[in-house]
>>> print(open('input_18.cif').read())   # mmCIF, C-alpha atoms
data_upload
#
loop_
_atom_site.label_atom_id
_atom_site.label_comp_id
_atom_site.auth_asym_id
_atom_site.auth_seq_id
_atom_site.Cartn_x
_atom_site.Cartn_y
_atom_site.Cartn_z
CA MET G 11 -26.84 -44.94 42.62
CA SER G 12 -26.25 -45.54 38.89
CA VAL G 13 -22.96 -44.88 37.12
CA MET G 14 -24.67 -42.20 34.99
CA THR G 15 -25.89 -40.40 38.12
CA VAL G 16 -22.37 -40.38 39.57
CA VAL G 17 -20.88 -39.01 36.34
CA CYS G 18 -23.51 -36.28 36.04
CA THR G 19 -23.10 -35.28 39.69
CA THR G 20 -19.32 -35.09 39.29
CA LEU G 21 -19.56 -32.94 36.15
CA LEU G 22 -22.04 -30.56 37.78
CA THR G 23 -19.80 -30.23 40.84
CA GLN G 24 -16.74 -29.49 38.68
CA SER G 25 -18.70 -26.95 36.62
CA ALA G 26 -19.89 -25.12 39.72
CA SER G 27 -16.38 -25.15 41.16
CA THR G 28 -14.97 -23.69 37.92
CA GLN G 29 -17.58 -20.96 37.84
CA ASP G 30 -16.91 -20.02 41.45
CA ALA G 31 -13.13 -19.82 40.97
CA PRO G 32 -11.97 -16.21 40.49
CA LYS G 33 -10.59 -15.49 37.03
CA GLN G 34 -7.04 -14.18 36.73
CA THR G 35 -6.86 -10.59 35.49
CA ILE G 36 -4.44 -9.46 32.79
CA SER G 37 -2.42 -7.56 35.42
CA GLN G 38 -2.16 -10.66 37.58
CA ALA G 39 -1.13 -12.75 34.58
CA ARG G 40 1.59 -10.24 33.68
CA ARG G 41 2.95 -10.27 37.22
CA ALA G 42 3.05 -14.06 37.07
CA GLY G 43 5.35 -13.89 34.05
CA PRO G 44 5.13 -15.45 30.58
CA PRO G 45 3.17 -18.70 30.34
CA LYS G 46 5.27 -21.85 30.26
CA GLY G 47 4.88 -24.75 27.90
CA PRO G 48 6.03 -26.23 24.59
CA VAL G 49 6.26 -24.24 21.36
CA PRO G 50 3.04 -24.56 19.29
CA ARG G 51 3.56 -25.51 15.66
CA LEU G 52 2.08 -24.73 12.25
CA PRO G 53 0.67 -27.53 10.05
CA SER G 54 4.00 -27.34 8.18
CA GLY G 55 5.89 -28.18 11.40
CA GLN G 56 7.50 -24.78 11.96
CA PRO G 57 6.87 -22.84 15.19
CA ASP G 58 3.64 -20.86 15.22
CA LEU G 59 4.21 -17.20 16.13
CA SER G 60 0.63 -16.18 15.35
CA ASP G 61 -1.39 -17.71 18.18
CA VAL G 62 -0.89 -14.78 20.59
CA ALA G 63 0.00 -11.08 20.68
CA TRP G 64 3.53 -10.13 21.74
CA LEU G 65 5.00 -7.26 23.74
CA ALA G 66 8.55 -6.55 22.56
CA SER G 67 11.36 -4.53 24.13
CA GLY G 68 15.10 -4.08 23.76
CA GLY G 69 17.44 -3.00 21.00
CA ASN G 70 20.07 -0.85 22.73
CA PHE G 71 21.64 1.37 20.06
CA ARG G 72 23.44 3.61 22.55
CA GLN G 73 26.03 0.90 23.20
CA HIS G 74 27.00 1.03 19.51
CA ASP G 75 27.55 4.81 19.33
CA ALA G 76 31.29 4.26 18.88
CA LEU G 77 30.53 2.76 15.46
CA LEU G 78 28.70 5.86 14.18
CA LEU G 79 30.36 7.60 11.27
CA PRO G 80 31.11 11.33 11.80
CA ALA G 81 28.20 12.48 9.63
CA ALA G 82 25.73 10.22 11.48
CA LYS G 83 27.14 11.32 14.85
CA ALA G 84 26.62 14.95 13.86
CA ILE G 85 22.98 14.24 12.98
CA LEU G 86 22.43 12.52 16.34
CA ASP G 87 24.01 15.41 18.26
CA LYS G 88 21.80 18.00 16.56
CA ARG G 89 18.48 16.19 16.84
CA ASP G 90 15.68 17.55 19.04
CA VAL G 91 13.94 14.71 20.90
CA THR G 92 10.62 16.54 20.65
CA GLN G 93 10.75 16.07 16.88
CA ASP G 94 10.82 12.26 16.95
CA PRO G 95 8.71 11.12 13.95
CA HIS G 96 7.17 8.51 16.27
CA ASN G 97 5.49 11.33 18.19
CA PHE G 98 3.93 12.63 14.98
CA CYS G 99 2.32 9.24 14.30
CA MET G 100 4.82 8.11 11.69
CA PRO G 101 5.92 4.47 11.33
CA ASP G 102 8.95 3.16 13.22
CA VAL G 103 11.93 1.57 11.53
CA VAL G 104 13.02 -2.05 12.13
CA PRO G 105 13.77 -2.98 14.89
CA ARG G 106 12.39 -0.15 17.07
CA THR G 107 9.83 -1.35 19.61
CA THR G 108 6.89 0.36 21.32
CA PRO G 109 4.94 -0.44 24.50
CA PHE G 110 2.13 -1.75 22.31
CA PRO G 111 1.65 -5.34 21.13
CA ILE G 112 2.36 -6.85 17.74
CA ARG G 113 0.87 -9.93 16.15
CA PHE G 114 2.03 -12.26 13.38
CA PHE G 115 -0.30 -13.63 10.71
CA PHE G 116 0.53 -16.37 8.19
CA ASN G 117 -1.46 -17.34 5.12
CA TYR G 118 -2.57 -20.97 5.14
CA THR G 119 -3.34 -21.42 1.46
CA HIS G 120 -0.27 -23.62 1.16
CA LYS G 121 1.23 -26.21 3.45
CA THR G 122 4.18 -23.89 4.08
CA PRO G 123 3.11 -20.23 4.44
CA THR G 124 4.10 -18.03 1.50
CA HIS G 125 3.30 -14.69 3.13
CA MET G 126 3.50 -13.30 6.64
CA VAL G 127 2.15 -10.01 8.00
CA ILE G 128 3.24 -8.36 11.25
CA VAL G 129 0.51 -6.08 12.63
CA HIS G 130 1.55 -3.31 15.03
CA GLU G 131 -1.03 -1.81 17.39
CA GLY G 132 1.05 1.38 17.49
CA ASN G 133 2.12 3.72 16.17
CA ILE G 134 -0.52 4.02 13.42
CA HIS G 135 -1.81 0.47 13.33
CA SER G 136 0.94 -0.30 10.86
CA PHE G 137 1.63 -3.62 9.17
CA ARG G 138 4.66 -5.17 7.53
CA GLN G 139 4.36 -7.66 4.68
CA ILE G 140 7.01 -10.37 4.44
CA PHE G 141 7.22 -12.43 1.25
CA MET G 142 8.09 -16.07 1.99
CA ASP G 143 7.49 -17.51 -1.47
CA GLY G 144 11.12 -17.61 -2.56
CA ARG G 145 11.23 -14.29 -4.37
CA LYS G 146 14.26 -11.97 -4.17
CA HIS G 147 14.41 -8.24 -3.52
CA PRO G 148 13.60 -6.20 -6.63
CA PRO G 149 16.69 -4.64 -8.25
CA GLU G 150 15.23 -1.15 -7.80
CA LEU G 151 13.09 -0.06 -4.86
CA ASP G 152 11.39 3.18 -3.89
CA PRO G 153 12.49 3.85 -0.28
CA THR G 154 9.71 3.28 2.26
CA TRP G 155 9.32 3.32 6.06
CA PHE G 156 9.32 -0.49 6.42
CA GLY G 157 11.33 -1.37 3.32
CA HIS G 158 10.94 -4.58 1.30
CA SER G 159 11.06 -7.81 3.30
CA ILE G 160 11.62 -11.41 2.26
CA GLY G 161 11.66 -14.31 4.70
CA TRP G 162 12.45 -17.98 5.07
CA TRP G 163 12.83 -20.64 7.74
CA GLU G 164 16.16 -21.86 9.08
CA LYS G 165 15.07 -24.83 11.20
CA ASP G 166 12.93 -23.26 13.96
CA THR G 167 13.98 -19.66 13.26
CA ILE G 168 12.24 -17.37 10.81
CA VAL G 169 14.70 -15.06 9.04
CA ILE G 170 13.51 -11.70 7.65
CA ASP G 171 15.80 -9.82 5.28
CA THR G 172 14.82 -6.18 4.63
CA VAL G 173 16.22 -3.46 2.37
CA GLY G 174 14.77 -0.36 0.71
CA PHE G 175 14.22 1.79 3.81
CA ASN G 176 13.87 5.54 3.67
CA ASP G 177 15.96 7.57 6.15
CA LYS G 178 13.11 9.33 7.96
CA ALA G 179 12.55 7.14 11.05
CA TRP G 180 14.72 7.09 14.18
CA PHE G 181 16.13 3.94 15.75
CA ASP G 182 15.21 5.26 19.21
CA GLY G 183 13.75 8.25 21.03
CA ARG G 184 17.07 10.09 21.25
CA GLY G 185 17.42 10.26 17.46
CA THR G 186 19.88 7.55 16.39
CA PRO G 187 19.91 7.89 12.59
CA HIS G 188 20.18 5.54 9.66
CA THR G 189 20.44 5.97 5.89
CA GLU G 190 18.75 4.48 2.86
CA GLN G 191 21.59 1.96 2.74
CA LEU G 192 20.20 0.24 5.84
CA HIS G 193 19.93 -3.54 5.55
CA THR G 194 18.44 -5.52 8.45
CA ILE G 195 18.34 -9.26 9.04
CA GLU G 196 15.96 -10.40 11.78
CA ARG G 197 16.06 -13.86 13.32
CA TRP G 198 12.85 -14.57 15.24
CA THR G 199 13.00 -17.67 17.45
CA ARG G 200 10.17 -18.81 19.71
CA LEU G 201 11.89 -20.07 22.85
CA ASP G 202 8.79 -21.58 24.48
CA LEU G 203 5.07 -20.90 24.87
CA GLY G 204 5.49 -17.41 26.31
CA ARG G 205 8.84 -16.09 25.06
CA LEU G 206 10.11 -14.91 21.67
CA GLU G 207 13.58 -13.64 20.75
CA ASN G 208 14.65 -11.52 17.78
CA LYS G 209 18.35 -11.08 17.02
CA VAL G 210 18.72 -8.28 14.48
CA THR G 211 21.81 -7.56 12.39
CA ILE G 212 22.12 -3.86 11.52
CA ASP G 213 24.19 -3.19 8.41
CA ASP G 214 24.22 0.45 7.33
CA PRO G 215 27.51 1.54 5.70
CA GLY G 216 26.11 5.06 5.37
CA ALA G 217 25.83 5.50 9.15
CA TYR G 218 28.03 2.87 10.84
CA SER G 219 31.60 1.70 10.37
CA LYS G 220 30.62 -1.97 10.54
CA PRO G 221 27.54 -4.20 11.10
CA PHE G 222 26.39 -5.06 14.63
CA GLU G 223 23.63 -6.97 16.36
CA VAL G 224 20.87 -5.94 18.76
CA THR G 225 18.50 -8.25 20.61
CA ILE G 226 14.74 -7.82 20.99
CA ASN G 227 12.89 -9.88 23.61
CA ALA G 228 9.15 -10.42 23.45
CA THR G 229 6.71 -12.03 25.86
CA THR G 230 3.03 -12.76 25.81
CA THR G 231 0.28 -12.64 28.38
CA ILE G 232 -2.74 -14.85 27.82
CA GLY G 233 -5.63 -12.53 27.01
CA ASP G 234 -3.60 -9.71 25.44
CA GLU G 235 -4.79 -8.65 22.00
CA VAL G 236 -3.98 -5.99 19.42
CA MET G 237 -6.55 -3.26 20.05
CA GLU G 238 -7.82 -0.25 18.13
CA TYR G 239 -5.33 2.60 18.06
CA ILE G 240 -6.05 5.89 16.33
CA CYS G 241 -3.05 8.04 15.44
CA GLN G 242 -3.00 10.07 12.23
CA ASP G 243 -0.06 11.51 10.34
CA GLY G 244 0.80 14.91 11.82
CA ASN G 245 -0.78 14.38 15.24
CA GLN G 246 1.57 15.34 18.06
CA TYR G 247 0.97 12.27 20.19
CA GLY G 248 2.62 12.53 23.58
CA ILE G 249 4.84 15.41 22.53
CA ASN G 250 4.06 17.53 25.62
CA THR G 251 5.42 14.76 27.86
CA LEU G 252 8.92 14.88 26.36
CA PRO G 253 11.99 16.60 27.85
CA GLY G 254 12.49 20.08 26.50
CA PHE G 255 8.84 20.67 25.57
CA PRO G 256 7.78 24.11 26.83
CA THR G 257 5.26 24.07 29.67
CA LYS G 258 2.72 26.74 30.45
#
>>> encode(input="input_18.cif", output="structure tokens")
Amino acid sequence: MSVMTVVCTTLLTQSASTQDAPKQTISQARRAGPPKGPVPRLPSGQPDLSDVAWLASGGNFRQHDALLLPAAKAILDKRDVTQDPHNFCMPDVVPRTTPFPIRFFFNYTHKTPTHMVIVHEGNIHSFRQIFMDGRKHPPELDPTWFGHSIGWWEKDTIVIDTVGFNDKAWFDGRGTPHTEQLHTIERWTRLDLGRLENKVTIDDPGAYSKPFEVTINATTTIGDEVMEYICQDGNQYGINTLPGFPTK
């Protein structure tokens, strides 16, 4: 038997074996936990956050209630959880998370990316634009849901500094408030192939007596993607599943 015949036979056998092997479902992959491996890198050498979609969770604001100023505490106490702007398809404030994936995108027109966009599957297929070209925050900003974000690298951590928020979104489903003085600093660090950590400094002198930090943890499952999500301003998404909503 020739060497070529042996090679061809081996390849055909491996191909048939691969085709016969059952493929792992997304649910099975999630139960197995985040994939393990080294951190992938951009052409510039920094960690690549954009190769997969991420599911994020965390950010416990309840444990910082003691820092709420009286006026902010009064707002929290009076809020009706059925009126969460999230449930009316409005954007969420940094760093609130949802059970839907996010994905990072960098521009590759330069060796080091100058812009980054974070795409959110929910709540209204929102996106955040982060300027990484060295610019500063404008001296005057019109308040917006996501604010104005600038970013830079500190070794393997991407830092996102955001100001210019409006005061309409809630930090969580129970109604933790913030003001237009909110200033957030996110530090995203990819720990390995399947895990991402975001340590967020919350500095809002209009609502809290001093700054504090919350931690967001994100994982990926191979095969997860950001999917189509339709939610229009004013829709009452999920509102009839909330405590206190009247039932027939």
>>> closest_residue(input="input_18.cif", among="G:Leu192, G:Val169, G:Ile232, G:Leu151", to="Gly204 in chain G", atoms="all atoms listed in the file")
G:Ile232
>>> resolve_selection(input="input_18.cif", expression="the PyMOL selection byres ((chain G and resi 133) around 10)", output="ChimeraX atom specification")
/G:96-102,107-110,130-132,134-136,239-243,247
>>> atom_distance(input="input_18.cif", atom1="CA of Glu150 in chain G", atom2="CA of Val173 in chain G")
10.5 Å
>>> closest_residue(input="input_18.cif", among="G:Glu196, G:Asp166, G:Asp234, G:Asp87", to="Ser54 in chain G", atoms="all atoms listed in the file")
G:Asp166
>>> residues_around(input="input_18.cif", residues="range 83-85 of chain G", least_positions_apart="2", cutoff="9 Å", atoms="only C-alpha atoms", output="PyMOL selection string")
chain G and resi 75+78-81+87-89+185-187+217
>>> residues_around(input="input_18.cif", residues="Thr167 in chain G", least_positions_apart="5", cutoff="12 Å", atoms="all atoms listed in the file", output="number ranges by chain")
G: 55-59, 161-162, 196-201, 206-209
>>> resolve_selection(input="input_18.cif", expression="the PyMOL selection byres ((chain G and resi 182) around 12)", output="JSON, numbers by chain")
{"G": [67, 68, 69, 70, 71, 72, 86, 89, 91, 93, 94, 95, 96, 97, 102, 103, 104, 105, 106, 107, 108, 179, 180, 181, 183, 184, 185, 186, 187, 188]}
>>> axis_aligned_box(input="input_18.cif", around="range 70-76 of chain G", padding_each_side="5 Å", output="AutoDock Vina command-line options")
--center_x 25.7 --center_y 2.0 --center_z 21.0 --size_x 21.2 --size_y 15.7 --size_z 14.3
>>> resolve_selection(input="input_18.cif", expression="the PyMOL selection byres ((chain G and resi 212-215) around 8)", output="ChimeraX atom specification")
/G:188-189,191-195,210-211,216-224
>>> atom_distance(input="input_18.cif", atom1="CA of Lys33 in chain G", atom2="CA of Thr231 in chain G")
14.2 Å
>>> atom_distance(input="input_18.cif", atom1="CA of Asp61 in chain G", atom2="CA of His158 in chain G")
24.7 Å
>>> residues_around(input="input_18.cif", residues="Gly174 in chain G", least_positions_apart="3", cutoff="7 Å", atoms="only C-alpha atoms", output="compact mmCIF listing (two decimals) with C-alpha atoms, in the frame of the given file")
# COMPACT_ATOMS: atom_id res chain seq x y z
CA LEU G 151 13.09 -0.06 -4.86
CA ASP G 152 11.39 3.18 -3.89
CA PRO G 153 12.49 3.85 -0.28
CA THR G 154 9.71 3.28 2.26
CA GLY G 157 11.33 -1.37 3.32
CA HIS G 158 10.94 -4.58 1.30
CA GLU G 190 18.75 4.48 2.86
>>> closest_residue(input="input_18.cif", among="G:Gln34, G:Ser159, G:Ser60, G:Thr124", to="Thr230 in chain G", atoms="only C-alpha atoms")
G:Ser60
>>> residues_near_point(input="input_18.cif", point="(-5.1, -5.1, 20.0)", cutoff="7 Å", atoms="all atoms listed in the file", output="PyMOL selection string")
chain G and resi 111+131+235-238
>>> write_last_selection(input="input_18.cif", atoms="C-alpha atoms", output="PDB file, keeping the file's coordinate frame")
ATOM      1  CA  PRO G 111       1.650  -5.340  21.130  1.00  0.00           C
ATOM      2  CA  GLU G 131      -1.030  -1.810  17.390  1.00  0.00           C
ATOM      3  CA  GLU G 235      -4.790  -8.650  22.000  1.00  0.00           C
ATOM      4  CA  VAL G 236      -3.980  -5.990  19.420  1.00  0.00           C
ATOM      5  CA  MET G 237      -6.550  -3.260  20.050  1.00  0.00           C
ATOM      6  CA  GLU G 238      -7.820  -0.250  18.130  1.00  0.00           C
TER       7      GLU G 238
END
>>> build_atoms(input="input_18.cif", residues="range 51-83 of chain G", atoms="N, CA and C atoms", output="PDB file, in the coordinates of the input")
ATOM      1  N   ARG G  51       3.013 -25.373  17.009  1.00  0.00           N
ATOM      2  CA  ARG G  51       3.560 -25.510  15.660  1.00  0.00           C
ATOM      3  C   ARG G  51       2.480 -25.336  14.593  1.00  0.00           C
ATOM      4  N   LEU G  52       2.938 -24.856  13.427  1.00  0.00           N
ATOM      5  CA  LEU G  52       2.080 -24.730  12.250  1.00  0.00           C
ATOM      6  C   LEU G  52       1.857 -26.106  11.633  1.00  0.00           C
ATOM      7  N   PRO G  53       0.865 -26.237  10.748  1.00  0.00           N
ATOM      8  CA  PRO G  53       0.670 -27.530  10.050  1.00  0.00           C
ATOM      9  C   PRO G  53       1.921 -27.980   9.304  1.00  0.00           C
ATOM     10  N   SER G  54       2.771 -27.011   8.905  1.00  0.00           N
ATOM     11  CA  SER G  54       4.000 -27.340   8.180  1.00  0.00           C
ATOM     12  C   SER G  54       5.105 -27.823   9.116  1.00  0.00           C
ATOM     13  N   GLY G  55       4.893 -27.721  10.439  1.00  0.00           N
ATOM     14  CA  GLY G  55       5.890 -28.180  11.400  1.00  0.00           C
ATOM     15  C   GLY G  55       6.722 -27.074  12.012  1.00  0.00           C
ATOM     16  N   GLN G  56       6.739 -25.881  11.391  1.00  0.00           N
ATOM     17  CA  GLN G  56       7.500 -24.780  11.960  1.00  0.00           C
ATOM     18  C   GLN G  56       6.774 -24.179  13.164  1.00  0.00           C
ATOM     19  N   PRO G  57       7.517 -23.496  14.033  1.00  0.00           N
ATOM     20  CA  PRO G  57       6.870 -22.840  15.190  1.00  0.00           C
ATOM     21  C   PRO G  57       5.805 -21.855  14.745  1.00  0.00           C
ATOM     22  N   ASP G  58       4.729 -21.802  15.487  1.00  0.00           N
ATOM     23  CA  ASP G  58       3.640 -20.860  15.220  1.00  0.00           C
ATOM     24  C   ASP G  58       3.876 -19.610  16.064  1.00  0.00           C
ATOM     25  N   LEU G  59       4.046 -18.465  15.420  1.00  0.00           N
ATOM     26  CA  LEU G  59       4.210 -17.200  16.130  1.00  0.00           C
ATOM     27  C   LEU G  59       2.896 -16.431  16.215  1.00  0.00           C
ATOM     28  N   SER G  60       1.848 -16.955  15.577  1.00  0.00           N
ATOM     29  CA  SER G  60       0.630 -16.180  15.350  1.00  0.00           C
ATOM     30  C   SER G  60      -0.493 -16.448  16.341  1.00  0.00           C
ATOM     31  N   ASP G  61      -0.277 -17.328  17.315  1.00  0.00           N
ATOM     32  CA  ASP G  61      -1.390 -17.710  18.180  1.00  0.00           C
ATOM     33  C   ASP G  61      -1.674 -16.697  19.276  1.00  0.00           C
ATOM     34  N   VAL G  62      -0.728 -15.776  19.533  1.00  0.00           N
ATOM     35  CA  VAL G  62      -0.890 -14.780  20.590  1.00  0.00           C
ATOM     36  C   VAL G  62      -0.322 -13.445  20.136  1.00  0.00           C
ATOM     37  N   ALA G  63      -0.626 -12.382  20.890  1.00  0.00           N
ATOM     38  CA  ALA G  63       0.000 -11.080  20.680  1.00  0.00           C
ATOM     39  C   ALA G  63       1.259 -10.988  21.539  1.00  0.00           C
ATOM     40  N   TRP G  64       2.231 -10.212  21.069  1.00  0.00           N
ATOM     41  CA  TRP G  64       3.530 -10.130  21.740  1.00  0.00           C
ATOM     42  C   TRP G  64       3.865  -8.703  22.119  1.00  0.00           C
ATOM     43  N   LEU G  65       4.465  -8.552  23.302  1.00  0.00           N
ATOM     44  CA  LEU G  65       5.000  -7.260  23.740  1.00  0.00           C
ATOM     45  C   LEU G  65       6.513  -7.335  23.650  1.00  0.00           C
ATOM     46  N   ALA G  66       7.108  -6.479  22.821  1.00  0.00           N
ATOM     47  CA  ALA G  66       8.550  -6.550  22.560  1.00  0.00           C
ATOM     48  C   ALA G  66       9.268  -5.367  23.201  1.00  0.00           C
ATOM     49  N   SER G  67      10.523  -5.591  23.581  1.00  0.00           N
ATOM     50  CA  SER G  67      11.360  -4.530  24.130  1.00  0.00           C
ATOM     51  C   SER G  67      12.813  -4.861  23.839  1.00  0.00           C
ATOM     52  N   GLY G  68      13.669  -3.850  23.976  1.00  0.00           N
ATOM     53  CA  GLY G  68      15.100  -4.080  23.760  1.00  0.00           C
ATOM     54  C   GLY G  68      15.606  -3.320  22.556  1.00  0.00           C
ATOM     55  N   GLY G  69      16.810  -3.675  22.120  1.00  0.00           N
ATOM     56  CA  GLY G  69      17.440  -3.000  21.000  1.00  0.00           C
ATOM     57  C   GLY G  69      18.194  -1.768  21.455  1.00  0.00           C
ATOM     58  N   ASN G  70      19.288  -1.956  22.182  1.00  0.00           N
ATOM     59  CA  ASN G  70      20.070  -0.850  22.730  1.00  0.00           C
ATOM     60  C   ASN G  70      21.062  -0.341  21.690  1.00  0.00           C
ATOM     61  N   PHE G  71      20.746   0.796  21.068  1.00  0.00           N
ATOM     62  CA  PHE G  71      21.640   1.370  20.060  1.00  0.00           C
ATOM     63  C   PHE G  71      22.723   2.244  20.689  1.00  0.00           C
ATOM     64  N   ARG G  72      22.463   2.736  21.886  1.00  0.00           N
ATOM     65  CA  ARG G  72      23.440   3.610  22.550  1.00  0.00           C
ATOM     66  C   ARG G  72      24.797   2.915  22.698  1.00  0.00           C
ATOM     67  N   GLN G  73      24.769   1.609  22.973  1.00  0.00           N
ATOM     68  CA  GLN G  73      26.030   0.900  23.200  1.00  0.00           C
ATOM     69  C   GLN G  73      26.844   0.723  21.920  1.00  0.00           C
ATOM     70  N   HIS G  74      26.271   1.120  20.784  1.00  0.00           N
ATOM     71  CA  HIS G  74      27.000   1.030  19.510  1.00  0.00           C
ATOM     72  C   HIS G  74      27.345   2.412  18.959  1.00  0.00           C
ATOM     73  N   ASP G  75      27.256   3.448  19.786  1.00  0.00           N
ATOM     74  CA  ASP G  75      27.550   4.810  19.330  1.00  0.00           C
ATOM     75  C   ASP G  75      28.977   4.947  18.796  1.00  0.00           C
ATOM     76  N   ALA G  76      29.899   4.154  19.331  1.00  0.00           N
ATOM     77  CA  ALA G  76      31.290   4.260  18.880  1.00  0.00           C
ATOM     78  C   ALA G  76      31.448   3.883  17.409  1.00  0.00           C
ATOM     79  N   LEU G  77      30.468   3.179  16.857  1.00  0.00           N
ATOM     80  CA  LEU G  77      30.530   2.760  15.460  1.00  0.00           C
ATOM     81  C   LEU G  77      29.936   3.791  14.502  1.00  0.00           C
ATOM     82  N   LEU G  78      29.306   4.845  15.038  1.00  0.00           N
ATOM     83  CA  LEU G  78      28.700   5.860  14.180  1.00  0.00           C
ATOM     84  C   LEU G  78      29.761   6.601  13.382  1.00  0.00           C
ATOM     85  N   LEU G  79      29.489   6.790  12.106  1.00  0.00           N
ATOM     86  CA  LEU G  79      30.360   7.600  11.270  1.00  0.00           C
ATOM     87  C   LEU G  79      30.201   9.084  11.654  1.00  0.00           C
ATOM     88  N   PRO G  80      31.187   9.918  11.383  1.00  0.00           N
ATOM     89  CA  PRO G  80      31.110  11.330  11.800  1.00  0.00           C
ATOM     90  C   PRO G  80      29.828  12.033  11.353  1.00  0.00           C
ATOM     91  N   ALA G  81      29.411  11.809  10.125  1.00  0.00           N
ATOM     92  CA  ALA G  81      28.200  12.480   9.630  1.00  0.00           C
ATOM     93  C   ALA G  81      26.968  12.035  10.413  1.00  0.00           C
ATOM     94  N   ALA G  82      26.870  10.746  10.707  1.00  0.00           N
ATOM     95  CA  ALA G  82      25.730  10.220  11.480  1.00  0.00           C
ATOM     96  C   ALA G  82      25.778  10.731  12.913  1.00  0.00           C
ATOM     97  N   LYS G  83      26.986  10.803  13.489  1.00  0.00           N
ATOM     98  CA  LYS G  83      27.140  11.320  14.850  1.00  0.00           C
ATOM     99  C   LYS G  83      26.709  12.776  14.919  1.00  0.00           C
TER     100      LYS G  83
END
